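Structure data (compact mmCIF, C-alpha atoms) from final_10.txt:
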```
# COMPACT_ATOMS: atom_id res chain seq x y z
CA MET A 1 -4.87 2.80 38.60
CA LEU A 2 -1.14 2.09 38.31
CA SER A 3 -1.63 -1.60 39.16
CA VAL A 4 -4.42 -1.89 36.61
CA ARG A 5 -2.21 -0.36 33.91
CA CYS A 6 0.59 -2.80 34.77
CA CYS A 7 -1.86 -5.69 34.43
CA LEU A 8 -2.96 -4.39 31.05
CA HIS A 9 0.60 -4.33 29.79
CA LEU A 10 1.07 -7.86 31.12
CA LEU A 11 -1.68 -8.83 28.70
CA ILE A 12 0.51 -7.70 25.83
CA LEU A 13 3.33 -9.90 27.10
CA LEU A 14 0.82 -12.76 27.38
CA VAL A 15 -0.18 -12.22 23.74
CA GLU A 16 3.48 -12.28 22.72
CA ALA A 17 4.06 -15.50 24.66
CA THR A 18 1.04 -17.03 22.91
CA PHE A 19 2.49 -16.07 19.53
CA ILE A 20 5.78 -17.76 20.44
CA LEU A 21 3.96 -20.99 21.34
CA ILE A 22 1.94 -20.93 18.12
CA PHE A 23 5.07 -20.38 16.05
CA PHE A 24 6.77 -23.23 17.91
CA PHE A 25 4.03 -25.81 17.33
CA LEU A 26 2.42 -24.73 14.04
CA THR A 27 5.06 -23.14 11.79
CA SER A 28 8.24 -24.06 9.96
CA TYR A 29 10.58 -22.37 7.49
CA ASP A 30 10.44 -23.07 3.79
CA SER A 31 13.29 -25.51 3.09
CA SER A 32 12.80 -25.82 -0.66
CA GLN A 33 15.72 -24.85 -2.88
CA LYS A 34 15.29 -21.51 -4.64
CA ASP A 35 17.35 -19.45 -7.01
CA GLN A 36 19.65 -17.04 -5.18
CA LYS A 37 18.61 -14.16 -7.43
CA THR A 38 14.94 -14.76 -6.62
CA LEU A 39 15.67 -14.73 -2.89
CA LEU A 40 17.62 -11.49 -3.15
CA GLU A 41 14.81 -9.84 -5.11
CA ALA A 42 12.23 -10.95 -2.54
CA TYR A 43 14.40 -9.67 0.30
CA GLN A 44 14.89 -6.32 -1.44
CA VAL A 45 11.14 -5.85 -1.74
CA LEU A 46 10.70 -6.81 1.91
CA GLN A 47 13.30 -4.21 2.89
CA ASP A 48 11.42 -1.58 0.87
CA PHE A 49 8.23 -2.38 2.78
CA THR A 50 10.02 -2.28 6.12
CA ILE A 51 11.40 1.18 5.36
CA MET A 52 7.95 2.37 4.27
CA ALA A 53 6.29 0.98 7.40
CA ALA A 54 8.88 1.82 10.07
CA LEU A 55 10.29 5.12 8.78
CA GLY A 56 7.63 6.34 6.35
CA PHE A 57 4.52 5.85 8.47
CA GLY A 58 6.49 6.39 11.66
CA PHE A 59 7.59 9.92 10.80
CA LEU A 60 4.59 10.83 8.62
CA THR A 61 2.45 12.02 11.56
CA SER A 62 5.23 13.29 13.85
CA TYR A 63 4.69 16.99 13.17
CA LEU A 64 2.94 17.91 16.46
CA ARG A 65 5.35 19.63 18.83
CA ARG A 66 4.35 17.62 21.92
CA HIS A 67 3.54 14.26 20.33
CA CYS A 68 6.65 13.07 18.49
CA TRP A 69 8.03 10.21 20.56
CA SER A 70 4.72 8.39 20.74
CA THR A 71 4.06 8.67 17.01
CA VAL A 72 7.34 7.06 15.96
CA ALA A 73 7.69 4.46 18.72
CA PHE A 74 4.04 3.34 18.83
CA ASN A 75 4.10 2.96 15.06
CA LEU A 76 7.06 0.57 15.37
CA PHE A 77 5.29 -1.32 18.16
CA MET A 78 2.15 -1.84 16.06
CA LEU A 79 4.23 -2.92 13.07
CA ALA A 80 6.13 -5.52 15.12
CA LEU A 81 2.96 -6.90 16.70
CA GLY A 82 0.88 -6.71 13.54
CA VAL A 83 3.40 -8.55 11.34
CA GLN A 84 3.55 -11.49 13.74
CA TRP A 85 -0.22 -11.84 13.83
CA ALA A 86 -0.56 -11.30 10.07
CA VAL A 87 1.91 -14.12 9.33
CA LEU A 88 -0.15 -16.50 11.47
CA LEU A 89 -3.49 -15.26 10.15
CA ASP A 90 -2.45 -15.53 6.50
CA GLY A 91 -1.16 -19.03 7.22
CA PHE A 92 -4.45 -20.05 8.83
CA LEU A 93 -6.45 -18.65 5.92
CA SER A 94 -4.27 -19.87 3.04
CA GLN A 95 -3.02 -23.20 4.44
CA PRO A 96 -5.91 -24.60 6.51
CA PHE A 97 -5.57 -28.13 7.83
CA GLN A 98 -2.20 -28.72 6.13
CA GLY A 99 -0.10 -29.41 9.17
CA LYS A 100 2.57 -26.82 9.92
CA MET A 101 2.39 -23.47 8.13
CA ILE A 102 5.30 -22.76 5.80
CA ILE A 103 6.95 -19.38 6.32
CA ASN A 104 9.06 -17.76 3.61
CA LEU A 105 9.99 -14.25 2.51
CA SER A 106 6.76 -13.94 0.53
CA SER A 107 4.62 -14.63 3.59
CA ILE A 108 6.53 -12.04 5.66
CA ARG A 109 6.21 -9.56 2.79
CA LEU A 110 2.45 -10.11 2.63
CA ALA A 111 2.19 -9.83 6.41
CA THR A 112 4.04 -6.51 6.37
CA MET A 113 1.64 -5.18 3.74
CA SER A 114 -1.35 -6.32 5.84
CA ALA A 115 0.12 -4.72 8.99
CA MET A 116 0.34 -1.40 7.13
CA SER A 117 -3.46 -1.19 7.35
CA ALA A 118 -3.13 -0.65 11.11
CA LEU A 119 -0.40 1.96 10.61
CA ILE A 120 -2.63 3.94 8.23
CA SER A 121 -5.64 3.82 10.57
CA ALA A 122 -3.57 4.71 13.62
CA GLY A 123 -3.12 8.22 12.24
CA SER A 124 -6.75 8.91 13.16
CA VAL A 125 -6.40 7.95 16.83
CA LEU A 126 -2.75 8.51 17.76
CA GLY A 127 -2.63 10.86 20.73
CA ARG A 128 -5.99 9.71 22.05
CA ALA A 129 -5.17 6.03 22.68
CA ASN A 130 -2.64 4.33 24.93
CA LEU A 131 -0.32 1.48 24.02
CA VAL A 132 -2.74 -1.28 25.04
CA GLN A 133 -5.56 0.23 22.99
CA LEU A 134 -3.27 0.46 19.96
CA ALA A 135 -2.26 -3.19 20.43
CA VAL A 136 -5.92 -4.26 20.47
CA MET A 137 -6.61 -2.06 17.45
CA ALA A 138 -3.73 -3.59 15.48
CA LEU A 139 -4.82 -7.17 16.22
CA VAL A 140 -8.46 -6.50 15.38
CA GLU A 141 -7.73 -4.53 12.22
CA VAL A 142 -5.26 -7.03 10.80
CA THR A 143 -7.89 -9.72 11.41
CA ALA A 144 -10.65 -7.68 9.77
CA PHE A 145 -8.43 -6.80 6.81
CA GLY A 146 -7.45 -10.43 6.30
CA ALA A 147 -11.11 -11.46 6.42
CA MET A 148 -12.01 -8.71 3.93
CA ARG A 149 -9.34 -9.88 1.47
CA LEU A 150 -10.47 -13.50 1.79
CA LEU A 151 -14.11 -12.58 1.18
CA CYS A 152 -13.16 -10.39 -1.78
CA LYS A 153 -11.30 -13.28 -3.37
CA GLN A 154 -14.11 -15.75 -2.73
CA LEU A 155 -17.17 -13.58 -3.36
CA PHE A 156 -15.83 -11.23 -6.04
CA ASN A 157 -13.15 -13.50 -7.57
CA MET A 158 -10.41 -10.91 -7.09
CA ASP A 159 -6.68 -11.61 -7.27
CA ASP A 160 -4.16 -10.84 -4.52
CA HIS A 161 -3.07 -7.53 -6.04
CA GLN A 162 -6.55 -6.08 -6.39
CA SER A 163 -7.71 -7.17 -2.94
CA MET A 164 -4.54 -5.72 -1.37
CA MET A 165 -5.00 -2.37 -3.13
CA HIS A 166 -8.25 -1.94 -1.18
CA ILE A 167 -6.04 -1.43 1.88
CA HIS A 168 -6.23 2.35 1.48
CA VAL A 169 -10.01 2.74 1.60
CA PHE A 170 -10.39 -0.02 4.19
CA ALA A 171 -7.79 1.45 6.55
CA ALA A 172 -8.94 5.05 6.06
CA TYR A 173 -12.56 4.32 6.92
CA PHE A 174 -11.57 1.93 9.69
CA GLY A 175 -9.61 4.79 11.23
CA LEU A 176 -12.47 7.26 10.77
CA GLY A 177 -14.86 4.80 12.41
CA MET A 178 -12.59 4.57 15.44
CA ALA A 179 -12.07 8.34 15.52
CA CYS A 180 -15.84 8.83 15.52
CA CYS A 181 -16.03 6.83 18.74
CA LEU A 182 -12.89 8.13 20.45
CA SER A 183 -13.10 11.86 19.61
CA LYS A 184 -14.32 13.82 22.61
CA PRO A 185 -15.25 17.52 22.78
CA LEU A 186 -13.34 19.57 25.33
CA PRO A 187 -15.56 20.82 28.16
CA ASN A 188 -14.32 24.41 28.58
CA LYS A 189 -12.34 27.18 26.90
CA VAL A 190 -9.23 26.77 29.07
CA GLU A 191 -8.84 23.13 28.04
CA LYS A 192 -9.55 24.03 24.40
CA ASP A 193 -6.76 26.61 24.49
CA ALA A 194 -4.40 24.07 26.08
CA GLN A 195 -5.26 21.53 23.38
CA ALA A 196 -4.76 24.11 20.63
CA GLU A 197 -1.24 24.70 21.92
CA LYS A 198 -0.47 20.99 21.42
CA PHE A 199 -1.68 21.15 17.81
CA GLN A 200 0.99 23.70 16.92
CA MET A 201 3.76 22.50 14.63
CA ALA A 202 7.45 22.93 15.37
CA THR A 203 10.20 23.11 12.77
CA SER A 204 12.12 19.94 13.68
CA PRO A 205 9.08 17.62 14.07
CA THR A 206 7.61 18.94 10.82
CA LEU A 207 10.90 18.28 9.04
CA PHE A 208 10.87 14.69 10.33
CA ALA A 209 7.25 14.34 9.14
CA MET A 210 8.38 15.46 5.70
CA LEU A 211 11.12 12.83 5.89
CA GLY A 212 8.42 10.19 6.39
CA THR A 213 6.61 11.51 3.35
CA LEU A 214 9.82 11.22 1.31
CA PHE A 215 10.39 7.62 2.35
CA LEU A 216 6.85 6.67 1.32
CA TRP A 217 7.17 8.65 -1.92
CA MET A 218 10.38 6.84 -2.92
CA PHE A 219 9.22 3.31 -2.18
CA TRP A 220 5.59 3.50 -3.31
CA PRO A 221 6.31 1.79 -6.68
CA SER A 222 7.58 -1.27 -4.77
CA PHE A 223 4.34 -1.43 -2.80
CA ASN A 224 2.12 -1.17 -5.88
CA SER A 225 4.06 -3.82 -7.83
CA ALA A 226 4.75 -6.35 -5.06
CA LEU A 227 1.96 -8.86 -5.73
CA LEU A 228 2.17 -8.88 -9.53
CA ASN A 229 4.06 -11.70 -11.23
CA ASP A 230 4.08 -10.67 -14.88
CA ALA A 231 7.27 -8.75 -15.75
CA ASN A 232 5.50 -6.42 -18.19
CA GLU A 233 2.83 -5.55 -15.63
CA LYS A 234 5.51 -4.83 -13.02
CA LYS A 235 7.24 -2.49 -15.47
CA ASN A 236 3.98 -0.64 -16.15
CA VAL A 237 3.34 -0.32 -12.41
CA VAL A 238 6.74 1.22 -11.69
CA PHE A 239 6.47 3.71 -14.57
CA ASN A 240 2.86 4.69 -13.90
CA THR A 241 3.37 5.06 -10.15
CA TYR A 242 6.33 7.39 -10.63
CA TYR A 243 4.42 9.51 -13.13
CA THR A 244 1.39 9.71 -10.86
CA ILE A 245 3.18 10.67 -7.65
CA ALA A 246 5.31 13.18 -9.56
CA VAL A 247 2.22 14.96 -10.88
CA SER A 248 0.42 14.82 -7.53
CA THR A 249 3.49 16.42 -5.90
CA VAL A 250 3.56 19.30 -8.38
CA THR A 251 -0.21 19.70 -8.10
CA ALA A 252 -0.18 19.70 -4.30
CA THR A 253 2.56 22.33 -4.10
CA SER A 254 0.97 24.60 -6.69
CA VAL A 255 -2.60 24.39 -5.41
CA SER A 256 -1.47 24.90 -1.81
CA ALA A 257 0.27 28.14 -2.83
CA LEU A 258 -2.72 29.25 -4.91
CA ASN A 259 -4.98 28.68 -1.93
CA HIS A 260 -3.07 31.16 0.24
CA HIS A 261 -3.58 34.89 -0.21
CA GLN A 262 0.18 35.48 -0.02
CA GLY A 263 1.11 32.47 -2.14
CA LYS A 264 2.59 30.53 0.77
CA ILE A 265 2.66 26.71 0.87
CA ASN A 266 1.02 24.74 3.67
CA MET A 267 3.26 21.88 4.84
CA ILE A 268 0.25 19.76 5.86
CA ASP A 269 -0.95 19.89 2.25
CA ILE A 270 2.41 18.55 1.15
CA HIS A 271 2.29 15.73 3.72
CA ASN A 272 -1.14 14.64 2.52
CA ALA A 273 -1.46 15.33 -1.18
CA VAL A 274 1.94 14.32 -2.56
CA LEU A 275 1.16 10.71 -1.60
CA ALA A 276 -2.37 10.79 -2.98
CA GLY A 277 -1.17 9.89 -6.47
CA GLY A 278 0.47 6.67 -5.29
CA VAL A 279 -2.73 5.69 -3.51
CA ALA A 280 -4.97 6.52 -6.46
CA VAL A 281 -2.96 4.57 -9.04
CA GLY A 282 -2.50 1.43 -6.93
CA ALA A 283 -5.48 -0.56 -8.18
CA SER A 284 -5.15 0.24 -11.89
CA CYS A 285 -1.41 0.87 -12.34
CA HIS A 286 -0.83 -2.37 -14.28
CA LEU A 287 -3.71 -1.58 -16.67
CA ILE A 288 -2.67 1.95 -17.68
CA PRO A 289 -1.17 1.78 -21.20
CA SER A 290 0.10 5.36 -21.49
CA PRO A 291 1.83 7.81 -19.10
CA TRP A 292 -0.64 10.65 -19.74
CA ILE A 293 -3.45 8.62 -18.12
CA ALA A 294 -1.34 8.12 -15.00
CA MET A 295 -0.49 11.82 -14.98
CA VAL A 296 -4.16 12.82 -15.20
CA LEU A 297 -4.89 10.46 -12.31
CA GLY A 298 -2.11 12.11 -10.28
CA LEU A 299 -3.52 15.55 -11.05
CA LEU A 300 -7.02 14.54 -9.92
CA ALA A 301 -5.66 12.85 -6.80
CA GLY A 302 -3.76 15.97 -5.74
CA LEU A 303 -6.79 18.20 -6.33
CA ILE A 304 -9.15 15.88 -4.49
CA SER A 305 -6.79 15.51 -1.54
CA ILE A 306 -6.30 19.25 -1.02
CA GLY A 307 -9.92 20.07 -1.86
CA GLY A 308 -11.15 17.48 0.62
CA SER A 309 -8.91 18.75 3.39
CA ARG A 310 -10.21 22.29 2.82
CA CYS A 311 -13.91 21.59 2.35
CA LEU A 312 -14.65 18.44 4.36
CA SER A 313 -12.63 19.21 7.47
CA VAL A 314 -15.29 21.63 8.73
CA CYS A 315 -17.98 18.99 8.32
CA PHE A 316 -15.86 16.31 10.00
CA ASN A 317 -14.70 18.44 12.93
CA HIS A 318 -17.87 20.37 13.79
CA THR A 319 -20.78 18.32 12.45
CA LEU A 320 -19.58 14.73 12.85
CA ARG A 321 -17.01 15.60 15.58
CA ILE A 322 -14.38 13.39 13.96
CA GLN A 323 -10.84 14.62 14.61
CA ASP A 324 -8.70 13.47 11.70
CA LEU A 325 -5.60 15.53 12.43
CA SER A 326 -3.33 13.31 10.35
CA GLY A 327 -5.50 13.67 7.26
CA VAL A 328 -6.04 9.92 6.80
CA HIS A 329 -9.24 10.59 4.87
CA TYR A 330 -7.57 13.00 2.45
CA THR A 331 -4.33 11.04 2.01
CA PHE A 332 -5.76 7.54 1.71
CA GLY A 333 -9.58 7.52 1.77
CA LEU A 334 -10.56 9.91 -1.01
CA PRO A 335 -7.62 9.03 -3.32
CA GLY A 336 -8.36 5.35 -2.69
CA LEU A 337 -11.95 5.86 -3.82
CA LEU A 338 -10.68 7.70 -6.89
CA GLY A 339 -8.36 4.77 -7.63
CA GLY A 340 -11.24 2.32 -7.28
CA PHE A 341 -13.39 4.27 -9.74
CA ALA A 342 -10.43 4.59 -12.14
CA TYR A 343 -9.98 0.81 -12.07
CA ILE A 344 -13.66 0.28 -12.88
CA VAL A 345 -13.46 2.73 -15.80
CA LEU A 346 -10.30 1.11 -17.22
CA ILE A 347 -11.80 -2.37 -16.91
CA ALA A 348 -14.95 -1.12 -18.65
CA LEU A 349 -12.88 0.24 -21.55
CA GLU A 350 -10.88 -2.97 -21.78
CA ILE A 351 -13.89 -5.32 -21.88
CA SER A 352 -16.23 -3.01 -23.80
CA GLY A 353 -18.39 -5.04 -26.17
CA LYS A 354 -17.53 -8.37 -24.56
CA PRO A 355 -20.15 -10.58 -22.92
CA ARG A 356 -20.89 -10.01 -19.22
CA ALA A 357 -19.10 -6.63 -19.28
CA GLY A 358 -21.79 -5.03 -17.13
CA TYR A 359 -21.61 -7.88 -14.63
CA ILE A 360 -17.82 -7.51 -14.28
CA MET A 361 -18.15 -3.77 -13.69
CA LEU A 362 -20.84 -4.41 -11.08
CA ILE A 363 -18.63 -6.95 -9.33
CA ASN A 364 -15.73 -4.48 -9.10
CA ALA A 365 -18.00 -1.72 -7.83
CA GLY A 366 -19.38 -4.13 -5.25
CA ALA A 367 -15.88 -5.11 -4.10
CA LEU A 368 -14.93 -1.45 -3.58
CA SER A 369 -18.14 -0.75 -1.68
CA PHE A 370 -17.62 -3.87 0.41
CA ALA A 371 -14.10 -2.74 1.40
CA VAL A 372 -15.41 0.68 2.49
CA ALA A 373 -18.36 -0.79 4.38
CA MET A 374 -16.30 -3.42 6.14
CA GLY A 375 -13.62 -0.91 7.07
CA LEU A 376 -16.13 1.56 8.47
CA GLY A 377 -18.18 -1.10 10.25
CA SER A 378 -15.24 -2.89 11.85
CA GLY A 379 -13.70 0.48 12.75
CA LEU A 380 -16.86 1.57 14.58
CA LEU A 381 -17.01 -1.72 16.47
CA THR A 382 -13.33 -1.42 17.38
CA GLY A 383 -13.86 2.17 18.51
CA LEU A 384 -16.71 1.09 20.78
CA LEU A 385 -14.49 -1.67 22.18
CA LEU A 386 -11.67 0.77 22.87
CA LYS A 387 -14.03 3.14 24.69
CA LEU A 388 -14.44 0.63 27.52
CA LYS A 389 -13.00 1.95 30.77
CA ILE A 390 -10.96 -1.20 31.30
CA TRP A 391 -8.31 0.11 28.88
CA LYS A 392 -7.63 3.18 31.05
CA ALA A 393 -7.37 5.60 28.14
CA PRO A 394 -5.68 8.97 28.83
CA CYS A 395 -7.95 11.79 29.93
CA VAL A 396 -8.89 14.45 27.40
CA ILE A 397 -6.46 17.06 28.70
CA LYS A 398 -3.59 14.56 28.23
CA TYR A 399 -4.38 13.99 24.55
CA PHE A 400 -1.49 14.53 22.10
CA ASP A 401 1.06 14.80 24.91
CA ASP A 402 4.11 12.54 25.13
CA GLN A 403 4.29 13.10 28.86
CA ALA A 404 1.19 10.94 29.29
CA PHE A 405 3.11 7.93 27.95
CA TRP A 406 6.85 8.54 28.36
CA GLU A 407 9.39 9.18 31.09
CA PHE A 408 10.93 12.65 31.01
CA PRO A 409 13.81 12.48 33.50
CA HIS A 410 14.67 16.17 33.09
CA LEU A 411 11.21 17.29 34.25
CA ALA A 412 10.02 17.66 37.80
CA VAL A 413 8.76 14.43 39.36
CA GLY A 414 4.99 14.20 39.52
CA TYR A 415 4.22 16.41 36.51
```

Please render this file's structure as structure tokens.
Amino acid sequence: MLSVRCCLHLLILLVEATFILIFFFLTSYDSSQKDQKTLLEAYQVLQDFTIMAALGFGFLTSYLRRHCWSTVAFNLFMLALGVQWAVLLDGFLSQPFQGKMIINLSSIRLATMSAMSALISAGSVLGRANLVQLAVMALVEVTAFGAMRLLCKQLFNMDDHQSMMHIHVFAAYFGLGMACCLSKPLPNKVEKDAQAEKFQMATSPTLFAMLGTLFLWMFWPSFNSALLNDANEKKNVVFNTYYTIAVSTVTATSVSALNHHQGKINMIDIHNAVLAGGVAVGASCHLIPSPWIAMVLGLLAGLISIGGSRCLSVCFNHTLRIQDLSGVHYTFGLPGLLGGFAYIVLIALEISGKPRAGYIMLINAGALSFAVAMGLGSGLLTGLLLKLKIWKAPCVIKYFDDQAFWEFPHLAVGY
């Protein structure tokens, strides 16, 4: 088994070597002269995304007491691998048959946003997949997400911003599709008790998870405004995103306390629901003309996120046997659906009375449904692929345990 695992990790090195060759023969840097201020602004946005991806998503799911190292380090690994592939994929799709692909800060920024889809979905399977499985998942999901965006632009005539804002529903249902395939029931009570011990939260890991939430909370306006060019629209996005996440934070804290018989706040609710507002407002943030609309959207997002985690978790865990410990569905899936419906409503109000208004609404509803369907379908196929024994996934009793993946020199050899 050890030799097989070494061979599997050699495959990752082979993939990296292939990327290097492709970059050598098919890419070049953008040599055109640009304004220094424009370059600095583009770099600042790229830095915001890197902090969101590496620190925000890395620490967001690090609250389990025995699964902290893997969460942070594997997240960084998937980001590094996913960005490389996303740069190439976006170049193939946007610059076909044009000689060498031109790489600039905008292409790396777009690639980082695309790679975030894998980081969102990974929350549904972290702890049940090894490094090789996560590498395959990242490559497949970035490919599927790029194909979804291309089809949305061609079939539904969507712009870059709107197609990118479907990342939340796509990634959430991609992750749930994989979790449906990879979740396994424990065979006996002893193993169930051992697994329950791993699900316990410790103070330090939970504090780091809250740190990830804070990083995402601070930089979410940069994510929502990145692909818009109009200065007035960018201003509306920043204002509306701040209003929405502020209200979702207050809502999440209050409702979590109301839901407890002693008025205590559940930290998992805070991890999930305070970000729901940023997800929900992403698609329509440039269309919202007044802060009260954004605030109502943040209120609904917080309520839906906490309500979903309370009501749907029983159905997911016991009926469908989907283990979504990181709350991907309640942080990104349900708020993303709310954001899609809000966009359709705002578009309907904006074009009310104009010709083909019903057709435009139908097109937007179709694009949202297409993102959900493609995410769920490609996630199920990826989950079935990752179930193959060739990947040597950890056994069930080693789920959510860093010792299955990392060296612990201070422990007895052979643990």

I'd like the contact shell of region 134-149 of chain A - 8 Å cut-off, all atoms listed in the file, skipping same-chain residues fewer than 4 positions apart - returned as number ranges by chain.
A: 12, 74, 78, 81-82, 85-86, 89-90, 114-115, 117-118, 122, 129-130, 153, 160, 163-164, 167, 170, 174, 371, 374-375, 378-379, 382, 386

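Taking CA of His9 (chain A) and CA of Ile390 (chain A) as endpoints, the distance between them is 12.1 Å.
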
Counting all atoms listed in the file, closest pick from A:Leu300, A:Leu151, A:Cys68, A:Ile22 relative to Lys100 (chain A) is A:Ile22

Calculate how many Å separate CA of Tyr330 (chain A) from CA of Ala283 (chain A), rounding to one decimal.
17.4 Å

Minimum-distance residue to Gly58 (chain A), chosen among A:Ile20, A:Leu119, A:Leu303, A:Leu338 (using all atoms listed in the file)
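Result for the nearest residue to Gly58 (chain A): A:Leu119.
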
Who sits within 9 Å of Met295 (chain A), all atoms listed in the file, same chain under 3 positions skipped, as a PDB file with C-alpha atoms, in the frame of the given file:
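Generated output (selection.pdb):
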```
ATOM      1  CA  ASN A 240       2.860   4.690 -13.900  1.00  0.00           C
ATOM      2  CA  TYR A 243       4.420   9.510 -13.130  1.00  0.00           C
ATOM      3  CA  THR A 244       1.390   9.710 -10.860  1.00  0.00           C
ATOM      4  CA  ILE A 245       3.180  10.670  -7.650  1.00  0.00           C
ATOM      5  CA  ALA A 246       5.310  13.180  -9.560  1.00  0.00           C
ATOM      6  CA  VAL A 247       2.220  14.960 -10.880  1.00  0.00           C
ATOM      7  CA  SER A 248       0.420  14.820  -7.530  1.00  0.00           C
ATOM      8  CA  GLY A 277      -1.170   9.890  -6.470  1.00  0.00           C
ATOM      9  CA  PRO A 291       1.830   7.810 -19.100  1.00  0.00           C
ATOM     10  CA  TRP A 292      -0.640  10.650 -19.740  1.00  0.00           C
ATOM     11  CA  GLY A 298      -2.110  12.110 -10.280  1.00  0.00           C
ATOM     12  CA  LEU A 299      -3.520  15.550 -11.050  1.00  0.00           C
ATOM     13  CA  LEU A 300      -7.020  14.540  -9.920  1.00  0.00           C
TER      14      LEU A 300
END
```

CA of Met165 (chain A) and CA of Lys354 (chain A), how far apart in Å?
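Separation between CA of Lys354 (chain A) and CA of Met165 (chain A): 25.5 Å.
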
Could region 236-241 of chain A be completed with all heavy atoms and written as an mmCIF file, in the frame of the given file, please?
```cif
data_model
loop_
_atom_site.group_PDB
_atom_site.id
_atom_site.type_symbol
_atom_site.label_atom_id
_atom_site.label_comp_id
_atom_site.auth_asym_id
_atom_site.auth_seq_id
_atom_site.Cartn_x
_atom_site.Cartn_y
_atom_site.Cartn_z
ATOM 1 N N ASN A 236 5.013 -1.666 -16.040
ATOM 2 C CA ASN A 236 3.980 -0.640 -16.150
ATOM 3 C C ASN A 236 3.667 -0.003 -14.799
ATOM 4 O O ASN A 236 3.452 1.209 -14.707
ATOM 5 C CB ASN A 236 2.703 -1.237 -16.744
ATOM 6 C CG ASN A 236 2.831 -1.538 -18.224
ATOM 7 O OD1 ASN A 236 3.727 -1.030 -18.897
ATOM 8 N ND2 ASN A 236 1.940 -2.372 -18.735
ATOM 9 N N VAL A 237 3.640 -0.831 -13.754
ATOM 10 C CA VAL A 237 3.340 -0.320 -12.410
ATOM 11 C C VAL A 237 4.391 0.679 -11.966
ATOM 12 O O VAL A 237 4.072 1.768 -11.460
ATOM 13 C CB VAL A 237 3.235 -1.487 -11.411
ATOM 14 C CG1 VAL A 237 3.182 -0.953 -9.986
ATOM 15 C CG2 VAL A 237 2.000 -2.325 -11.692
ATOM 16 N N VAL A 238 5.652 0.329 -12.126
ATOM 17 C CA VAL A 238 6.740 1.220 -11.690
ATOM 18 C C VAL A 238 6.672 2.544 -12.445
ATOM 19 O O VAL A 238 6.725 3.630 -11.844
ATOM 20 C CB VAL A 238 8.103 0.533 -11.900
ATOM 21 C CG1 VAL A 238 9.237 1.527 -11.639
ATOM 22 C CG2 VAL A 238 8.237 -0.663 -10.972
ATOM 23 N N PHE A 239 6.536 2.484 -13.774
ATOM 24 C CA PHE A 239 6.470 3.710 -14.570
ATOM 25 C C PHE A 239 5.257 4.558 -14.182
ATOM 26 O O PHE A 239 5.376 5.763 -13.932
ATOM 27 C CB PHE A 239 6.403 3.359 -16.054
ATOM 28 C CG PHE A 239 7.684 2.821 -16.617
ATOM 29 C CD1 PHE A 239 7.715 2.194 -17.845
ATOM 30 C CD2 PHE A 239 8.874 2.928 -15.915
ATOM 31 C CE1 PHE A 239 8.899 1.695 -18.380
ATOM 32 C CE2 PHE A 239 10.067 2.436 -16.422
ATOM 33 C CZ PHE A 239 10.070 1.818 -17.656
ATOM 34 N N ASN A 240 4.091 3.937 -14.148
ATOM 35 C CA ASN A 240 2.860 4.690 -13.900
ATOM 36 C C ASN A 240 2.821 5.264 -12.485
ATOM 37 O O ASN A 240 2.323 6.379 -12.283
ATOM 38 C CB ASN A 240 1.649 3.791 -14.133
ATOM 39 C CG ASN A 240 1.433 3.474 -15.600
ATOM 40 O OD1 ASN A 240 1.666 4.310 -16.465
ATOM 41 N ND2 ASN A 240 0.994 2.255 -15.896
ATOM 42 N N THR A 241 3.350 4.529 -11.518
ATOM 43 C CA THR A 241 3.370 5.060 -10.150
ATOM 44 C C THR A 241 4.271 6.279 -10.042
ATOM 45 O O THR A 241 3.919 7.279 -9.399
ATOM 46 C CB THR A 241 3.829 3.967 -9.168
ATOM 47 O OG1 THR A 241 2.977 2.831 -9.266
ATOM 48 C CG2 THR A 241 3.782 4.491 -7.737
#
```
